[in-house]
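J.: Supplied in structure tokens, the structure appears directly below.
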Amino acid sequence: MWLTVTFTLLIAALVVALVVQWQRGRNPQPLSAAKASQFVQGTFTIVGVSDRDDEPAHSAADKNGQRFCTISGTIVGPETSPTDVYGTLVLGAGDPWPQIGDDLPVLYKPNKAATSWRFGVMPEPGPDPL
């Protein structure tokens, strides 16, 4: 009996953790000034890209016109050695499909590029508080 309850609770916790991770990846939040101070700017050079599906019957676009592309590449920047990573790039309807050799801006925590990277640029500093 206790084994069944424990197993059920472990499965439920796993499902909740996966849903939270999935939602976090689908709805990235912009960086606040406090969070941005923990990241550094780097460059992601694409070395692999998924095929583009241009057939209308099998369109990879979602209901908002976004397309998803799996890419792999190398992050280069300050406070890290070149790091090989992969991820999913969300493209708008008019965005060009990435090509091998393209450079994209990324943010990552110093010395943790493999686990903390994300596409984007550092936000512009706001006005100083008085």
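Following the order of the structure tokens, chains are lettered A, B, ..., residues in each are numbered from 1, and ligands are numbered from 1.
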Excluding Ala114 in chain A and any residue of its chain fewer than 3 positions from it, enumerate the residues within 9 Å of it, using only C-alpha atoms, and give them as a list in words.
T.: Ile75, Thr83, Asp84, Val85, Tyr108, Asn111 and Trp117 of chain A
J.: Go ahead and save the picked residues with C-alpha atoms, as a compact mmCIF listing (two decimals), in the first residue's frame.
T.:
```txt
# COMPACT_ATOMS: atom_id res chain seq x y z
CA ILE A 75 28.94 29.58 -27.48
CA THR A 83 30.95 25.46 -25.20
CA ASP A 84 28.92 23.16 -27.47
CA VAL A 85 25.15 23.38 -26.84
CA TYR A 108 24.71 33.15 -20.13
CA ASN A 111 31.35 29.85 -16.27
CA TRP A 117 22.33 30.14 -21.91
```
J.: Would you kindly return, as a list in words, each protein, DNA or RNA residue with an atom no farther than 12 Å from any atom of Pro96 in chain A, considering only C-alpha atoms and excluding same-chain residues fewer than 4 positions away?
T.: Arg52, Gln66, Arg67, Phe68, Cys69, Leu89, Val90, Leu91, Gly92 and Asp102 of chain A
J.: Could the residues in this selection be saved with all heavy atoms as a PDB file, in the first residue's frame?
T.:
```pdb
ATOM      1  N   ARG A  52      14.021  22.455 -42.802  1.00  0.00           N
ATOM      2  CA  ARG A  52      12.842  23.313 -42.873  1.00  0.00           C
ATOM      3  C   ARG A  52      11.747  22.560 -43.606  1.00  0.00           C
ATOM      4  O   ARG A  52      11.959  22.024 -44.689  1.00  0.00           O
ATOM      5  CB  ARG A  52      13.189  24.594 -43.618  1.00  0.00           C
ATOM      6  CG  ARG A  52      12.053  25.546 -43.702  1.00  0.00           C
ATOM      7  CD  ARG A  52      12.493  26.827 -44.368  1.00  0.00           C
ATOM      8  NE  ARG A  52      11.366  27.731 -44.421  1.00  0.00           N
ATOM      9  CZ  ARG A  52      11.449  28.982 -44.773  1.00  0.00           C
ATOM     10  NH1 ARG A  52      12.620  29.476 -45.110  1.00  0.00           N
ATOM     11  NH2 ARG A  52      10.391  29.734 -44.802  1.00  0.00           N
ATOM     12  N   GLN A  66       4.274  31.014 -35.447  1.00  0.00           N
ATOM     13  CA  GLN A  66       5.645  30.771 -35.033  1.00  0.00           C
ATOM     14  C   GLN A  66       6.110  29.411 -35.540  1.00  0.00           C
ATOM     15  O   GLN A  66       5.343  28.465 -35.599  1.00  0.00           O
ATOM     16  CB  GLN A  66       5.766  30.812 -33.516  1.00  0.00           C
ATOM     17  CG  GLN A  66       5.494  32.171 -32.938  1.00  0.00           C
ATOM     18  CD  GLN A  66       5.585  32.152 -31.422  1.00  0.00           C
ATOM     19  OE1 GLN A  66       5.244  31.169 -30.774  1.00  0.00           O
ATOM     20  NE2 GLN A  66       6.045  33.256 -30.853  1.00  0.00           N
ATOM     21  N   ARG A  67       7.397  29.344 -35.907  1.00  0.00           N
ATOM     22  CA  ARG A  67       8.013  28.099 -36.350  1.00  0.00           C
ATOM     23  C   ARG A  67       9.133  27.759 -35.379  1.00  0.00           C
ATOM     24  O   ARG A  67       9.742  28.643 -34.796  1.00  0.00           O
ATOM     25  CB  ARG A  67       8.562  28.264 -37.763  1.00  0.00           C
ATOM     26  CG  ARG A  67       7.462  28.571 -38.777  1.00  0.00           C
ATOM     27  CD  ARG A  67       8.017  28.957 -40.111  1.00  0.00           C
ATOM     28  NE  ARG A  67       8.763  30.215 -39.962  1.00  0.00           N
ATOM     29  CZ  ARG A  67       9.838  30.525 -40.670  1.00  0.00           C
ATOM     30  NH1 ARG A  67      10.298  29.713 -41.579  1.00  0.00           N
ATOM     31  NH2 ARG A  67      10.450  31.669 -40.489  1.00  0.00           N
ATOM     32  N   PHE A  68       9.403  26.472 -35.244  1.00  0.00           N
ATOM     33  CA  PHE A  68      10.397  26.013 -34.291  1.00  0.00           C
ATOM     34  C   PHE A  68      11.518  25.294 -35.024  1.00  0.00           C
ATOM     35  O   PHE A  68      11.275  24.458 -35.875  1.00  0.00           O
ATOM     36  CB  PHE A  68       9.750  25.096 -33.252  1.00  0.00           C
ATOM     37  CG  PHE A  68       8.644  25.793 -32.509  1.00  0.00           C
ATOM     38  CD1 PHE A  68       7.346  25.732 -32.972  1.00  0.00           C
ATOM     39  CD2 PHE A  68       8.922  26.532 -31.381  1.00  0.00           C
ATOM     40  CE1 PHE A  68       6.325  26.393 -32.306  1.00  0.00           C
ATOM     41  CE2 PHE A  68       7.904  27.196 -30.705  1.00  0.00           C
ATOM     42  CZ  PHE A  68       6.605  27.124 -31.173  1.00  0.00           C
ATOM     43  N   CYS A  69      12.744  25.644 -34.666  1.00  0.00           N
ATOM     44  CA  CYS A  69      13.928  25.121 -35.328  1.00  0.00           C
ATOM     45  C   CYS A  69      14.901  24.620 -34.264  1.00  0.00           C
ATOM     46  O   CYS A  69      15.233  25.353 -33.330  1.00  0.00           O
ATOM     47  CB  CYS A  69      14.561  26.244 -36.141  1.00  0.00           C
ATOM     48  SG  CYS A  69      16.118  25.820 -36.888  1.00  0.00           S
ATOM     49  N   LEU A  89      15.038  27.271 -31.382  1.00  0.00           N
ATOM     50  CA  LEU A  89      14.894  28.668 -31.728  1.00  0.00           C
ATOM     51  C   LEU A  89      13.473  28.875 -32.229  1.00  0.00           C
ATOM     52  O   LEU A  89      12.997  28.131 -33.084  1.00  0.00           O
ATOM     53  CB  LEU A  89      15.914  29.032 -32.817  1.00  0.00           C
ATOM     54  CG  LEU A  89      15.968  30.470 -33.286  1.00  0.00           C
ATOM     55  CD1 LEU A  89      16.335  31.406 -32.136  1.00  0.00           C
ATOM     56  CD2 LEU A  89      16.993  30.615 -34.400  1.00  0.00           C
ATOM     57  N   VAL A  90      12.771  29.880 -31.683  1.00  0.00           N
ATOM     58  CA  VAL A  90      11.403  30.198 -32.098  1.00  0.00           C
ATOM     59  C   VAL A  90      11.494  31.323 -33.121  1.00  0.00           C
ATOM     60  O   VAL A  90      12.035  32.391 -32.848  1.00  0.00           O
ATOM     61  CB  VAL A  90      10.537  30.617 -30.897  1.00  0.00           C
ATOM     62  CG1 VAL A  90       9.126  30.950 -31.354  1.00  0.00           C
ATOM     63  CG2 VAL A  90      10.524  29.531 -29.839  1.00  0.00           C
ATOM     64  N   LEU A  91      10.945  31.067 -34.313  1.00  0.00           N
ATOM     65  CA  LEU A  91      10.986  32.040 -35.406  1.00  0.00           C
ATOM     66  C   LEU A  91       9.589  32.561 -35.697  1.00  0.00           C
ATOM     67  O   LEU A  91       8.626  31.796 -35.679  1.00  0.00           O
ATOM     68  CB  LEU A  91      11.550  31.380 -36.666  1.00  0.00           C
ATOM     69  CG  LEU A  91      12.932  30.763 -36.550  1.00  0.00           C
ATOM     70  CD1 LEU A  91      13.239  29.912 -37.768  1.00  0.00           C
ATOM     71  CD2 LEU A  91      13.963  31.840 -36.371  1.00  0.00           C
ATOM     72  N   GLY A  92       9.489  33.835 -36.005  1.00  0.00           N
ATOM     73  CA  GLY A  92       8.230  34.419 -36.439  1.00  0.00           C
ATOM     74  C   GLY A  92       7.953  34.062 -37.887  1.00  0.00           C
ATOM     75  O   GLY A  92       8.795  33.469 -38.572  1.00  0.00           O
ATOM     76  N   ASP A 102      25.844  30.979 -39.153  1.00  0.00           N
ATOM     77  CA  ASP A 102      25.259  32.214 -38.630  1.00  0.00           C
ATOM     78  C   ASP A 102      25.685  32.414 -37.178  1.00  0.00           C
ATOM     79  O   ASP A 102      25.855  31.458 -36.428  1.00  0.00           O
ATOM     80  CB  ASP A 102      23.724  32.175 -38.668  1.00  0.00           C
ATOM     81  CG  ASP A 102      23.156  32.314 -40.076  1.00  0.00           C
ATOM     82  OD1 ASP A 102      23.929  32.630 -41.004  1.00  0.00           O
ATOM     83  OD2 ASP A 102      21.939  32.099 -40.239  1.00  0.00           O
TER      84      ASP A 102
END
```
J.: With DSSP run on the backbone, what are the strand (DSSP E or B) residues within range 29-128 of chain A? I'd like them as an MDAnalysis selection string.
T.: chainID A and resid 40:49 67:76 83:91 103:108 118:119
J.: Go through A:Gly73, A:Val16, A:Ser50, A:Gly65 one by one, measure the shortest atom-to-atom distance of each to Gly94 in chain A using only C-alpha atoms, and give the residue with the smallest value.
T.: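 Closest to Gly94 in chain A of all the choices is A:Gly65.
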J.: Report the distance between CA of Glu124 in chain A and CA of Ile100 in chain A in Å, rounded to one decimal place.
T.: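 Separating CA of Glu124 in chain A from CA of Ile100 in chain A is a distance of 28.9 Å.
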J.: Step one, run DSSP on the backbone; step two, keep only residues of range 84-120 of chain A assigned to alpha helix (DSSP H); then write them as a PyMOL selection string.
T.: chain A and resi 113-116
J.: Looking at A:Pro98, A:Ala93, A:Val49, A:Gly87, which one is nearest to Thr115 in chain A, with distances taken over only C-alpha atoms?
T.: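 Using only C-alpha atoms, the shortest distance to Thr115 in chain A belongs to A:Gly87.
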